[in-house]
file upload_0.csv (CSV, C-alpha atoms)
chain,number,residue,atom,x,y,z
A,1,MET,CA,0.0,0.0,0.0
A,2,THR,CA,1.3,3.5,-0.9
A,3,GLN,CA,2.3,5.4,2.2
A,4,PRO,CA,0.4,8.7,2.8
A,5,SER,CA,2.2,11.8,1.7
A,6,VAL,CA,1.6,13.3,5.1
A,7,THR,CA,1.6,11.6,8.5
A,8,LEU,CA,0.3,12.2,12.0
A,9,ALA,CA,3.9,12.8,13.1
A,10,ASP,CA,4.3,15.5,10.3
A,11,ILE,CA,1.1,17.2,11.6
A,12,GLN,CA,2.2,17.1,15.2
A,13,ALA,CA,5.6,18.5,14.3
A,14,ALA,CA,3.8,21.3,12.3
A,15,ALA,CA,1.7,22.1,15.3
A,16,GLU,CA,4.8,22.6,17.5
A,17,ARG,CA,6.5,24.6,14.7
A,18,ILE,CA,3.6,27.1,14.2
A,19,GLU,CA,2.5,27.3,17.9
A,20,GLY,CA,2.2,30.9,19.1
A,21,ALA,CA,2.4,32.3,15.5
A,22,VAL,CA,-1.2,31.3,14.6
A,23,VAL,CA,-4.4,31.6,16.7
A,24,ARG,CA,-5.5,28.5,18.5
A,25,THR,CA,-9.1,29.1,17.4
A,26,PRO,CA,-12.1,27.9,19.6
A,27,THR,CA,-14.2,24.8,18.9
A,28,THR,CA,-17.6,25.4,20.5
A,29,LEU,CA,-21.0,23.6,20.7
A,30,SER,CA,-23.7,25.4,18.9
A,31,ARG,CA,-27.0,24.7,20.6
A,32,THR,CA,-29.0,26.6,18.0
A,33,LEU,CA,-27.4,24.9,15.0
A,34,SER,CA,-27.9,21.6,16.8
A,35,GLU,CA,-31.6,22.2,17.2
A,36,LEU,CA,-31.9,23.4,13.6
A,37,THR,CA,-30.1,20.3,12.1
A,38,GLY,CA,-31.1,17.6,14.6
A,39,ALA,CA,-27.4,16.9,15.1
A,40,THR,CA,-24.9,17.8,17.9
A,41,VAL,CA,-22.9,20.5,16.1
A,42,TYR,CA,-19.4,21.7,17.1
A,43,VAL,CA,-18.0,24.6,15.2
A,44,LYS,CA,-14.4,25.6,14.8
A,45,PHE,CA,-13.9,29.2,14.0
A,46,GLU,CA,-10.8,29.4,11.7
A,47,ASN,CA,-12.2,32.8,10.5
A,48,LEU,CA,-10.7,34.2,13.7
A,49,GLN,CA,-7.1,33.8,12.4
A,50,PHE,CA,-5.4,37.1,11.9
A,51,THR,CA,-5.9,36.8,8.1
A,52,ALA,CA,-9.3,35.3,8.7
A,53,ALA,CA,-8.6,31.8,7.3
A,54,TYR,CA,-7.0,28.5,8.2
A,55,LYS,CA,-4.5,28.9,5.4
A,56,GLU,CA,-2.0,30.5,7.8
A,57,ARG,CA,-1.2,27.1,9.2
A,58,GLY,CA,0.1,25.5,6.0
A,59,ALA,CA,1.7,28.6,4.7
A,60,LEU,CA,3.7,29.2,7.9
A,61,ASN,CA,4.7,25.5,8.2
A,62,LYS,CA,6.1,25.7,4.6
A,63,LEU,CA,8.0,28.9,5.2
A,64,LEU,CA,9.6,27.7,8.4
A,65,LEU,CA,10.9,24.6,6.6
A,66,MET,CA,12.6,26.6,3.8
A,67,GLY,CA,16.4,27.1,3.8
A,68,GLU,CA,17.9,30.5,4.1
A,69,GLU,CA,18.9,30.7,0.4
A,70,LYS,CA,15.4,30.0,-0.8
A,71,ARG,CA,14.0,32.5,1.6
A,72,SER,CA,16.3,35.2,0.4
A,73,HIS,CA,15.1,34.7,-3.2
A,74,GLY,CA,11.5,35.0,-2.2
A,75,VAL,CA,8.3,33.0,-2.7
A,76,ILE,CA,5.4,33.1,-5.1
A,77,ALA,CA,1.9,31.6,-5.0
A,78,ALA,CA,-1.3,31.5,-6.9
A,79,SER,CA,-4.4,32.0,-4.9
A,80,ALA,CA,-8.0,33.2,-4.9
A,81,GLY,CA,-7.2,35.0,-1.7
A,82,ASN,CA,-6.8,33.2,1.6
A,83,HIS,CA,-3.6,31.4,0.8
A,84,ALA,CA,-2.3,34.7,-0.7
A,85,GLN,CA,-3.0,36.6,2.5
A,86,ALA,CA,-1.6,33.9,4.7
A,87,LEU,CA,1.6,33.5,2.8
A,88,ALA,CA,2.1,37.3,2.4
A,89,TYR,CA,1.5,37.9,6.1
A,90,HIS,CA,3.9,35.3,7.4
A,91,ALA,CA,6.5,36.0,4.7
A,92,ARG,CA,6.6,39.6,5.8
A,93,ARG,CA,7.0,38.5,9.4
A,94,LEU,CA,9.9,36.3,8.5
A,95,GLY,CA,11.5,38.9,6.1
A,96,ILE,CA,10.8,36.8,2.9
A,97,PRO,CA,9.8,38.7,-0.3
A,98,ALA,CA,6.4,37.4,-1.6
A,99,THR,CA,4.6,37.7,-4.9
A,100,ILE,CA,1.0,36.5,-5.3
A,101,VAL,CA,-0.8,35.8,-8.6
A,102,MET,CA,-4.6,36.2,-8.3
A,103,PRO,CA,-7.4,35.7,-10.8
A,104,HIS,CA,-9.0,38.9,-12.0
A,105,PRO,CA,-12.4,38.2,-10.3
A,106,THR,CA,-10.9,37.9,-6.8
A,107,PRO,CA,-12.9,40.0,-4.4
A,108,THR,CA,-11.4,43.4,-3.9
A,109,ILE,CA,-11.1,43.0,-0.2
A,110,LYS,CA,-8.7,40.0,-0.7
A,111,VAL,CA,-6.5,41.9,-3.1
A,112,MET,CA,-6.3,44.9,-0.8
A,113,GLN,CA,-5.5,42.8,2.2
A,114,THR,CA,-2.9,40.8,0.4
A,115,GLU,CA,-1.2,44.0,-0.7
A,116,GLY,CA,-1.5,45.3,2.8
A,117,HIS,CA,0.6,42.5,4.0
A,118,GLY,CA,3.4,43.7,1.8
A,119,ALA,CA,3.1,41.3,-1.1
A,120,THR,CA,3.4,42.2,-4.8
A,121,VAL,CA,0.1,41.2,-6.4
A,122,ILE,CA,-0.2,40.2,-10.1
A,123,LEU,CA,-3.8,39.8,-11.4
A,124,HIS,CA,-3.9,37.3,-14.2
A,125,GLY,CA,-6.6,35.1,-15.8
A,126,GLU,CA,-10.2,34.4,-14.9
A,127,MET,CA,-9.8,31.3,-12.7
A,128,PHE,CA,-7.4,29.8,-10.2
A,129,ASP,CA,-6.0,27.6,-12.9
A,130,ASP,CA,-5.0,30.6,-15.1
A,131,ALA,CA,-3.3,32.3,-12.1
A,132,TYR,CA,-1.6,29.0,-11.2
A,133,SER,CA,0.0,28.5,-14.7
A,134,HIS,CA,1.2,32.1,-14.7
A,135,ALA,CA,2.7,31.8,-11.2
A,136,LEU,CA,4.7,28.8,-12.3
A,137,LYS,CA,6.1,30.8,-15.2
A,138,VAL,CA,7.0,33.8,-13.1
A,139,ALA,CA,8.6,31.5,-10.5
A,140,GLU,CA,10.9,30.0,-13.1
A,141,GLU,CA,11.8,33.4,-14.6
A,142,ARG,CA,12.6,35.0,-11.3
A,143,ASP,CA,14.0,32.0,-9.4
A,144,LEU,CA,11.3,32.1,-6.8
A,145,THR,CA,10.0,29.2,-4.6
A,146,PHE,CA,6.5,28.3,-5.6
A,147,VAL,CA,4.3,27.6,-2.6
A,148,HIS,CA,1.4,25.4,-3.7
A,149,PRO,CA,-1.9,26.2,-2.0
A,150,PHE,CA,-2.8,22.6,-1.4
A,151,ASP,CA,-0.8,19.9,-3.3
A,152,ASP,CA,2.2,19.9,-0.9
A,153,PRO,CA,2.8,17.6,2.1
A,154,GLU,CA,4.1,20.5,4.2
A,155,ILE,CA,1.0,22.5,3.4
A,156,MET,CA,-1.2,19.6,4.2
A,157,ALA,CA,0.6,19.0,7.5
A,158,GLY,CA,0.0,22.6,8.6
A,159,GLN,CA,-3.7,22.4,7.7
A,160,GLY,CA,-4.0,19.1,9.6
A,161,THR,CA,-3.3,21.0,12.8
A,162,VAL,CA,-7.0,22.1,12.7
A,163,ALA,CA,-8.1,18.5,13.4
A,164,LEU,CA,-5.6,18.1,16.3
A,165,GLU,CA,-7.2,21.1,18.0
A,166,MET,CA,-10.8,20.1,17.2
A,167,LEU,CA,-10.4,16.6,18.6
A,168,GLU,CA,-8.6,17.8,21.6
A,169,ASP,CA,-11.4,20.3,22.4
A,170,ALA,CA,-14.3,18.0,21.3
A,171,PRO,CA,-13.1,14.3,21.3
A,172,GLN,CA,-16.8,13.2,21.1
A,173,ILE,CA,-17.0,14.3,17.4
A,174,GLU,CA,-18.2,11.4,15.2
A,175,ARG,CA,-18.2,13.0,11.8
A,176,LEU,CA,-16.1,15.8,10.4
A,177,ILE,CA,-17.4,17.8,7.5
A,178,ILE,CA,-14.6,19.5,5.6
A,179,PRO,CA,-14.8,21.8,2.6
A,180,ILE,CA,-12.9,20.7,-0.5
A,181,GLY,CA,-11.3,22.9,-3.2
A,182,GLY,CA,-7.9,21.4,-4.1
A,183,GLY,CA,-8.0,19.1,-1.1
A,184,GLY,CA,-5.2,20.4,1.2
A,185,LEU,CA,-7.4,20.9,4.3
A,186,ILE,CA,-9.3,17.6,4.1
A,187,SER,CA,-6.0,15.7,3.4
A,188,GLY,CA,-4.3,17.1,6.5
A,189,MET,CA,-7.4,17.0,8.7
A,190,GLY,CA,-8.4,13.5,7.5
A,191,THR,CA,-4.9,12.2,8.2
A,192,ALA,CA,-4.9,13.5,11.7
A,193,ALA,CA,-8.5,12.6,12.5
A,194,LYS,CA,-8.2,9.0,11.3
A,195,ALA,CA,-4.9,8.4,13.1
A,196,LEU,CA,-6.2,9.8,16.4
A,197,LYS,CA,-9.7,8.3,16.2
A,198,PRO,CA,-9.9,5.5,13.6
A,199,GLY,CA,-13.7,5.2,13.8
A,200,ILE,CA,-14.4,8.8,12.9
A,201,GLU,CA,-16.0,9.6,9.6
A,202,VAL,CA,-14.5,12.3,7.3
A,203,ILE,CA,-17.0,13.8,4.9
A,204,GLY,CA,-15.9,16.2,2.1
A,205,ALA,CA,-18.2,19.0,1.0
A,206,GLN,CA,-17.8,20.6,-2.4
A,207,ALA,CA,-19.7,23.4,-4.2
A,208,GLU,CA,-22.0,21.9,-6.8
A,209,LEU,CA,-20.7,24.2,-9.5
A,210,TYR,CA,-17.1,23.0,-8.9
A,211,PRO,CA,-17.3,19.2,-8.2
A,212,SER,CA,-13.8,18.5,-9.5
A,213,MET,CA,-12.6,16.3,-6.6
A,214,TYR,CA,-15.9,14.6,-6.4
A,215,CYS,CA,-15.6,13.6,-10.0
A,216,LYS,CA,-12.0,12.5,-9.6
A,217,ILE,CA,-12.9,10.2,-6.7
A,218,THR,CA,-16.2,8.9,-8.0
A,219,GLY,CA,-15.5,8.7,-11.7
A,220,ASN,CA,-18.5,10.9,-12.5
A,221,THR,CA,-18.2,13.5,-15.3
A,222,LEU,CA,-19.7,16.9,-14.3
A,223,PRO,CA,-18.6,20.4,-15.4
A,224,SER,CA,-16.7,22.7,-13.2
A,225,ALA,CA,-17.8,26.2,-14.2
A,226,GLY,CA,-19.9,29.1,-13.1
A,227,ASP,CA,-20.0,32.0,-10.6
A,228,THR,CA,-20.0,30.2,-7.3
A,229,ILE,CA,-20.2,32.2,-4.1
A,230,ALA,CA,-17.6,29.8,-2.7
A,231,GLU,CA,-14.8,31.1,-4.9
A,232,GLY,CA,-12.2,30.0,-2.4
A,233,ILE,CA,-12.9,26.3,-3.3
A,234,ALA,CA,-13.6,26.9,-7.0
A,235,VAL,CA,-10.9,24.6,-8.3
A,236,LYS,CA,-11.2,23.0,-11.7
A,237,ALA,CA,-8.2,20.6,-11.3
A,238,PRO,CA,-7.8,19.1,-7.8
A,239,GLY,CA,-4.4,18.1,-6.5
A,240,LEU,CA,-2.8,14.8,-7.4
A,241,GLY,CA,-1.3,14.2,-4.0
A,242,THR,CA,-4.4,15.3,-2.2
A,243,ALA,CA,-6.6,13.1,-4.4
A,244,GLU,CA,-4.5,10.0,-3.3
A,245,VAL,CA,-5.0,10.9,0.4
A,246,ILE,CA,-8.7,11.5,-0.1
A,247,LYS,CA,-9.2,8.2,-1.8
A,248,ARG,CA,-7.8,6.4,1.2
A,249,LEU,CA,-9.2,8.4,4.1
A,250,VAL,CA,-12.4,10.3,3.1
A,251,ASP,CA,-15.6,8.3,3.6
A,252,GLU,CA,-17.8,10.4,1.2
A,253,ILE,CA,-17.9,13.6,-0.8
A,254,VAL,CA,-21.2,15.5,-1.0
A,255,LEU,CA,-22.1,18.3,-3.3
A,256,VAL,CA,-23.8,21.5,-2.1
A,257,PRO,CA,-25.9,23.9,-4.1
A,258,GLU,CA,-25.4,27.7,-4.1
A,259,ARG,CA,-28.7,28.4,-2.3
A,260,ASP,CA,-27.7,26.3,0.7
A,261,ILE,CA,-24.3,28.0,0.8
A,262,GLU,CA,-26.0,31.4,1.0
A,263,THR,CA,-28.4,30.1,3.7
A,264,ALA,CA,-25.5,28.8,5.7
A,265,MET,CA,-23.6,32.1,5.5
A,266,SER,CA,-26.7,33.9,6.8
A,267,LEU,CA,-27.3,31.4,9.6
A,268,LEU,CA,-23.7,31.6,10.8
A,269,LEU,CA,-24.0,35.4,11.0
A,270,GLN,CA,-27.4,35.3,12.7
A,271,ILE,CA,-26.8,32.4,15.1
A,272,GLU,CA,-23.1,32.4,15.7
A,273,LYS,CA,-22.6,36.1,15.1
A,274,THR,CA,-19.7,35.3,12.9
A,275,VAL,CA,-18.9,36.2,9.3
A,276,ALA,CA,-18.2,33.3,6.9
A,277,GLU,CA,-17.2,33.5,3.3
A,278,GLY,CA,-18.9,31.1,0.9
A,279,ALA,CA,-16.2,28.4,1.2
A,280,GLY,CA,-16.2,28.8,4.9
A,281,ALA,CA,-19.9,28.0,5.2
A,282,VAL,CA,-19.9,24.9,3.0
A,283,GLY,CA,-19.7,22.5,6.0
A,284,LEU,CA,-22.9,23.8,7.5
A,285,ALA,CA,-24.4,24.0,4.0
A,286,ALA,CA,-23.8,20.3,3.6
A,287,MET,CA,-25.9,19.6,6.7
A,288,LEU,CA,-28.7,21.7,5.2
A,289,THR,CA,-28.5,19.9,1.9
A,290,HIS,CA,-28.2,16.3,3.3
A,291,PRO,CA,-29.9,16.5,6.7
A,292,GLU,CA,-30.6,12.8,7.0
A,293,ARG,CA,-26.8,12.1,6.6
A,294,PHE,CA,-26.0,13.9,9.9
A,295,ARG,CA,-29.2,13.9,12.0
A,296,GLY,CA,-28.6,12.3,15.4
A,297,ARG,CA,-24.8,12.4,15.1
A,298,THR,CA,-22.1,14.5,16.7
A,299,VAL,CA,-20.7,16.6,13.9
A,300,GLY,CA,-17.7,18.9,13.6
A,301,ILE,CA,-17.7,21.7,11.0
A,302,VAL,CA,-15.0,24.3,10.3
A,303,VAL,CA,-15.7,27.9,9.4
A,304,THR,CA,-12.6,27.9,7.2
A,305,GLY,CA,-12.6,31.7,6.4
A,306,GLY,CA,-14.3,35.0,6.8
A,307,ASN,CA,-13.0,37.1,3.9
A,308,VAL,CA,-16.1,38.1,2.0
A,309,ASP,CA,-16.8,41.3,0.2
A,310,THR,CA,-19.3,43.4,2.3
A,311,ARG,CA,-21.5,44.2,-0.7
A,312,LEU,CA,-21.8,40.5,-1.5
A,313,LEU,CA,-22.5,39.6,2.1
A,314,ALA,CA,-25.3,42.3,2.1
A,315,THR,CA,-26.8,40.7,-1.0
A,316,VAL,CA,-26.7,37.3,0.5
A,317,LEU,CA,-28.4,38.5,3.7
A,318,LEU,CA,-31.2,40.3,1.8
A,319,ARG,CA,-31.8,37.3,-0.5
A,320,ASP,CA,-32.1,35.1,2.6
A,321,LEU,CA,-34.7,37.6,4.0
A,322,ALA,CA,-36.6,37.3,0.8
A,323,ARG,CA,-36.5,33.5,0.7
A,324,SER,CA,-37.8,33.4,4.3
A,325,GLY,CA,-40.6,35.7,3.6
A,326,ARG,CA,-39.4,38.5,5.8
A,327,MET,CA,-38.9,40.6,2.6
A,328,ALA,CA,-41.1,40.5,-0.4
A,329,ARG,CA,-41.7,42.2,-3.7
A,330,LEU,CA,-45.3,42.3,-4.9
A,331,ARG,CA,-46.2,43.2,-8.5
A,332,ILE,CA,-49.7,44.8,-8.4
A,333,GLN,CA,-51.8,45.9,-11.3
A,334,ILE,CA,-53.7,49.2,-10.7
A,335,GLN,CA,-55.7,51.7,-12.6
A,336,ASP,CA,-53.7,54.8,-13.6
A,337,ARG,CA,-55.8,57.4,-11.9
A,338,PRO,CA,-55.6,59.6,-8.7
A,339,GLY,CA,-56.1,57.6,-5.5
A,340,ALA,CA,-55.3,54.2,-7.0
A,341,LEU,CA,-51.9,54.0,-5.2
A,342,PHE,CA,-53.4,55.1,-1.9
A,343,SER,CA,-56.0,52.3,-2.1
A,344,VAL,CA,-53.1,49.8,-2.2
A,345,VAL,CA,-50.9,51.5,0.4
A,346,LYS,CA,-53.6,51.7,3.0
A,347,LEU,CA,-53.9,47.9,3.0
A,348,PHE,CA,-50.1,47.6,3.7
A,349,GLU,CA,-50.7,50.0,6.6
A,350,HIS,CA,-53.6,48.0,7.9
A,351,HIS,CA,-51.5,44.8,8.1
A,352,GLY,CA,-48.4,46.6,9.5
A,353,VAL,CA,-46.3,45.6,6.5
A,354,ASN,CA,-43.5,48.2,6.0
A,355,ILE,CA,-43.0,49.5,2.5
A,356,VAL,CA,-39.3,49.9,1.6
A,357,GLU,CA,-39.6,51.0,-2.0
A,358,ILE,CA,-42.3,51.4,-4.8
A,359,TYR,CA,-41.6,51.2,-8.5
A,360,HIS,CA,-44.4,52.6,-10.7
A,361,GLN,CA,-44.4,51.5,-14.4
A,362,ARG,CA,-46.8,53.0,-17.0
A,363,ILE,CA,-44.9,52.8,-20.2
A,364,PHE,CA,-43.0,49.5,-20.5
A,365,THR,CA,-45.9,47.1,-20.0
A,366,ALA,CA,-48.4,45.1,-22.1
A,367,LEU,CA,-51.2,46.4,-19.9
A,368,PRO,CA,-54.0,48.6,-21.3
A,369,ALA,CA,-53.1,52.3,-21.5
A,370,LYS,CA,-55.4,53.2,-18.6
A,371,ASP,CA,-53.6,50.7,-16.3
A,372,ALA,CA,-50.2,50.4,-14.7
A,373,PHE,CA,-48.4,48.1,-12.4
A,374,ILE,CA,-46.4,48.8,-9.3
A,375,ASP,CA,-43.6,46.7,-7.7
A,376,VAL,CA,-43.8,47.1,-3.9
A,377,GLU,CA,-40.8,46.0,-1.9
A,378,CYS,CA,-41.8,45.4,1.7
A,379,GLU,CA,-40.7,44.0,5.0
A,380,ALA,CA,-42.9,41.7,7.1
A,381,ARG,CA,-42.6,39.5,10.2
A,382,ASP,CA,-42.7,36.3,8.2
A,383,ARG,CA,-44.2,34.6,5.2
A,384,GLU,CA,-47.6,34.2,6.9
A,385,HIS,CA,-47.7,38.0,7.5
A,386,VAL,CA,-47.1,38.6,3.7
A,387,ASP,CA,-49.7,35.9,2.8
A,388,ALA,CA,-52.4,37.6,4.9
A,389,LEU,CA,-51.7,40.9,3.1
A,390,ILE,CA,-51.8,39.2,-0.4
A,391,ALA,CA,-55.1,37.6,0.5
A,392,GLU,CA,-56.7,40.9,1.4
A,393,LEU,CA,-55.3,42.7,-1.7
A,394,LYS,CA,-56.9,40.0,-3.9
A,395,GLN,CA,-60.1,40.2,-2.0
A,396,ALA,CA,-60.1,43.9,-2.7
A,397,GLY,CA,-59.9,43.1,-6.4
A,398,PHE,CA,-56.3,43.7,-7.2
A,399,ASN,CA,-54.5,41.4,-9.7
A,400,LEU,CA,-51.1,40.7,-8.2
A,401,HIS,CA,-48.3,38.1,-7.9
A,402,PRO,CA,-45.1,38.0,-5.8
A,403,VAL,CA,-41.8,38.4,-7.6
A,404,GLU,CA,-40.1,35.2,-6.6
A,405,ILE,CA,-36.4,34.6,-5.8
A,406,ARG,CA,-34.9,31.2,-6.4
call {"tool": "encode", "arguments": {"input": "upload_0.csv", "output": "structure tokens"}}
result
Amino acid sequence: MTQPSVTLADIQAAAERIEGAVVRTPTTLSRTLSELTGATVYVKFENLQFTAAYKERGALNKLLLMGEEKRSHGVIAASAGNHAQALAYHARRLGIPATIVMPHPTPTIKVMQTEGHGATVILHGEMFDDAYSHALKVAEERDLTFVHPFDDPEIMAGQGTVALEMLEDAPQIERLIIPIGGGGLISGMGTAAKALKPGIEVIGAQAELYPSMYCKITGNTLPSAGDTIAEGIAVKAPGLGTAEVIKRLVDEIVLVPERDIETAMSLLLQIEKTVAEGAGAVGLAAMLTHPERFRGRTVGIVVTGGNVDTRLLATVLLRDLARSGRMARLRIQIQDRPGALFSVVKLFEHHGVNIVEIYHQRIFTALPAKDAFIDVECEARDREHVDALIAELKQAGFNLHPVEIR
């Protein structure tokens, strides 16, 4: 049998090496998430690292194992953001020049934070794979050490320290749900978890739009494309080394749709009062997508990162309000004459539904010239509150329908 590319001893050595330079983040029982999912849910908050992601662990372990000559030449990486920030931050601490190649769509906050850590940022390509190829080229041209974000045993060993801490704090965990992009985190954590507790189940969670590792392991053929909110794990080509570890150690890989990732981000903010980026919420999202897989079990999830653009986060939260019925947009046909709008608004007032915005359209519509429609964006207590308003509007003779969000 082929030996693992990373061992428990490697991970334990990495833990000693990086101790004091990364945050030992808490693992806590979430009573509310437990009630919501029917499982006993422990959450590890890796978004509390200084750069707001677990990537610091692997990046620092790699840098500390480099010789002085390589350090003096500098390092380069390709990253959608979190690996970039982690490497840049610890490289500056250690006096190592760092260059980061990032895809053009990388959230602005991640670009700014990476530059703020003293790294030189090169924007290239549309996806991680484009940035990766360019980084390898620049590394060769400038004699820099390329630091792979996941397909490196020293990186995996650093990431595996997350599992050491989780199982020390919550040894009762029966199943770990770990996000998968290239596979570095799950390879390290899976190695540590299975060595420390052989009976534990390790479940990988991957965004439905980028099921590259799922396909590699299962043999399925699915496209990896689209604008996923979990851009931190949007990897078209998973690691070769990580795939070998995953084949041996991971019990199952589940796919998670965008809607559940958005819901998970919103729940973590509302319930745990913590900001999770899309990739960081995939573990909880997997529990929402496949509740029967985890109900009744003791589950550990990792909020892997919290670097999310504030505008995008605001959109996610508002969309969640709309899906839950606490916000709604009603399209209502009215007669285009004085007093028509008032006859609608007074019913909103009667039900205590707050109007946020009204859009009035007379021209661009197929309605008769004497009619118009209005879109009313409103806030309510819940879906039943909106439904009661809709029922009375219809009873009053108005033709209307909600503008749905998927």
call {"tool": "closest_residue", "arguments": {"input": "upload_0.csv", "among": "A:Ala9, A:Ile155, A:Ile332, A:Ala119", "to": "Arg57 of chain A", "atoms": "only C-alpha atoms"}}
result
A:Ile155
call {"tool": "atom_distance", "arguments": {"input": "upload_0.csv", "atom1": "atom CA of Ala88 of chain A", "atom2": "atom CA of Lys273 of chain A"}}
result
27.8 Å
call {"tool": "closest_residue", "arguments": {"input": "upload_0.csv", "among": "A:Asp382, A:Asp151, A:Glu208, A:Glu126", "to": "Asp260 of chain A", "atoms": "only C-alpha atoms"}}
result
A:Glu208
call {"tool": "closest_residue", "arguments": {"input": "upload_0.csv", "among": "A:Thr298, A:Gln395, A:Thr218, A:Thr114", "to": "Ala243 of chain A", "atoms": "only C-alpha atoms"}}
result
A:Thr218
call {"tool": "closest_residue", "arguments": {"input": "upload_0.csv", "among": "A:Ser324, A:Thr242, A:Gln12, A:Thr32", "to": "Ala157 of chain A", "atoms": "all atoms listed in the file"}}
result
A:Gln12
call {"tool": "residues_around", "arguments": {"input": "upload_0.csv", "residues": "Ala276 of chain A", "least_positions_apart": "2", "cutoff": "6 Å", "atoms": "all atoms listed in the file", "output": "NGL selection string"}}
result
:A and (265 or 280-281 or 305-306)
call {"tool": "write_last_selection", "arguments": {"input": "upload_0.csv", "atoms": "C-alpha atoms", "output": "compact mmCIF listing (two decimals), in the coordinates of the input"}}
result
# COMPACT_ATOMS: atom_id res chain seq x y z
CA MET A 265 -23.60 32.10 5.50
CA GLY A 280 -16.20 28.80 4.90
CA ALA A 281 -19.90 28.00 5.20
CA GLY A 305 -12.60 31.70 6.40
CA GLY A 306 -14.30 35.00 6.80
call {"tool": "residues_around", "arguments": {"input": "upload_0.csv", "residues": "Ala91 of chain A", "least_positions_apart": "3", "cutoff": "10 Å", "atoms": "only C-alpha atoms", "output": "PyMOL selection string"}}
result
chain A and resi 59-60+63-64+71+74-75+85-88+94-99+117-119
call {"tool": "closest_residue", "arguments": {"input": "upload_0.csv", "among": "A:Asp375, A:Glu262, A:Ala366, A:Val23", "to": "Leu341 of chain A", "atoms": "all atoms listed in the file"}}
result
A:Asp375
call {"tool": "closest_atom_pairs", "arguments": {"input": "upload_0.csv", "of": "segment 35-148 of chain A", "to": "segment 174-186 of chain A", "cutoff": "9 Å", "atoms": "all atoms listed in the file", "output": "CSV"}}
result
residue,atom,partner,partner_atom,distance
A:Tyr54,CA,A:Leu185,CA,8.6
A:Lys55,CA,A:Leu185,CA,8.6
A:Gly58,CA,A:Gly184,CA,8.8
call {"tool": "atom_distance", "arguments": {"input": "upload_0.csv", "atom1": "atom CA of Ile11 of chain A", "atom2": "atom CA of Glu154 of chain A"}}
result
8.6 Å
call {"tool": "closest_residue", "arguments": {"input": "upload_0.csv", "among": "A:Ser34, A:Gly219, A:Val147, A:Leu29", "to": "Leu65 of chain A", "atoms": "all atoms listed in the file"}}
result
A:Val147
call {"tool": "atom_distance", "arguments": {"input": "upload_0.csv", "atom1": "atom CA of Pro149 of chain A", "atom2": "atom CA of Val22 of chain A"}}
result
17.4 Å
call {"tool": "residues_around", "arguments": {"input": "upload_0.csv", "residues": "Arg24 of chain A", "least_positions_apart": "4", "cutoff": "12 Å", "atoms": "all atoms listed in the file", "output": "short mmCIF file (atom, residue, chain, number, x, y, z; two decimals) with C-alpha atoms, in the frame of the given file"}}
result
data_model
loop_
_atom_site.label_atom_id
_atom_site.label_comp_id
_atom_site.auth_asym_id
_atom_site.auth_seq_id
_atom_site.Cartn_x
_atom_site.Cartn_y
_atom_site.Cartn_z
CA ALA A 15 1.70 22.10 15.30
CA GLU A 16 4.80 22.60 17.50
CA ILE A 18 3.60 27.10 14.20
CA GLU A 19 2.50 27.30 17.90
CA GLY A 20 2.20 30.90 19.10
CA LYS A 44 -14.40 25.60 14.80
CA PHE A 45 -13.90 29.20 14.00
CA GLU A 46 -10.80 29.40 11.70
CA ASN A 47 -12.20 32.80 10.50
CA LEU A 48 -10.70 34.20 13.70
CA GLN A 49 -7.10 33.80 12.40
CA PHE A 50 -5.40 37.10 11.90
CA TYR A 54 -7.00 28.50 8.20
CA GLU A 56 -2.00 30.50 7.80
CA ARG A 57 -1.20 27.10 9.20
CA THR A 161 -3.30 21.00 12.80
CA VAL A 162 -7.00 22.10 12.70
CA ALA A 163 -8.10 18.50 13.40
CA LEU A 164 -5.60 18.10 16.30
CA GLU A 165 -7.20 21.10 18.00
CA MET A 166 -10.80 20.10 17.20
CA GLU A 168 -8.60 17.80 21.60
CA ASP A 169 -11.40 20.30 22.40
#
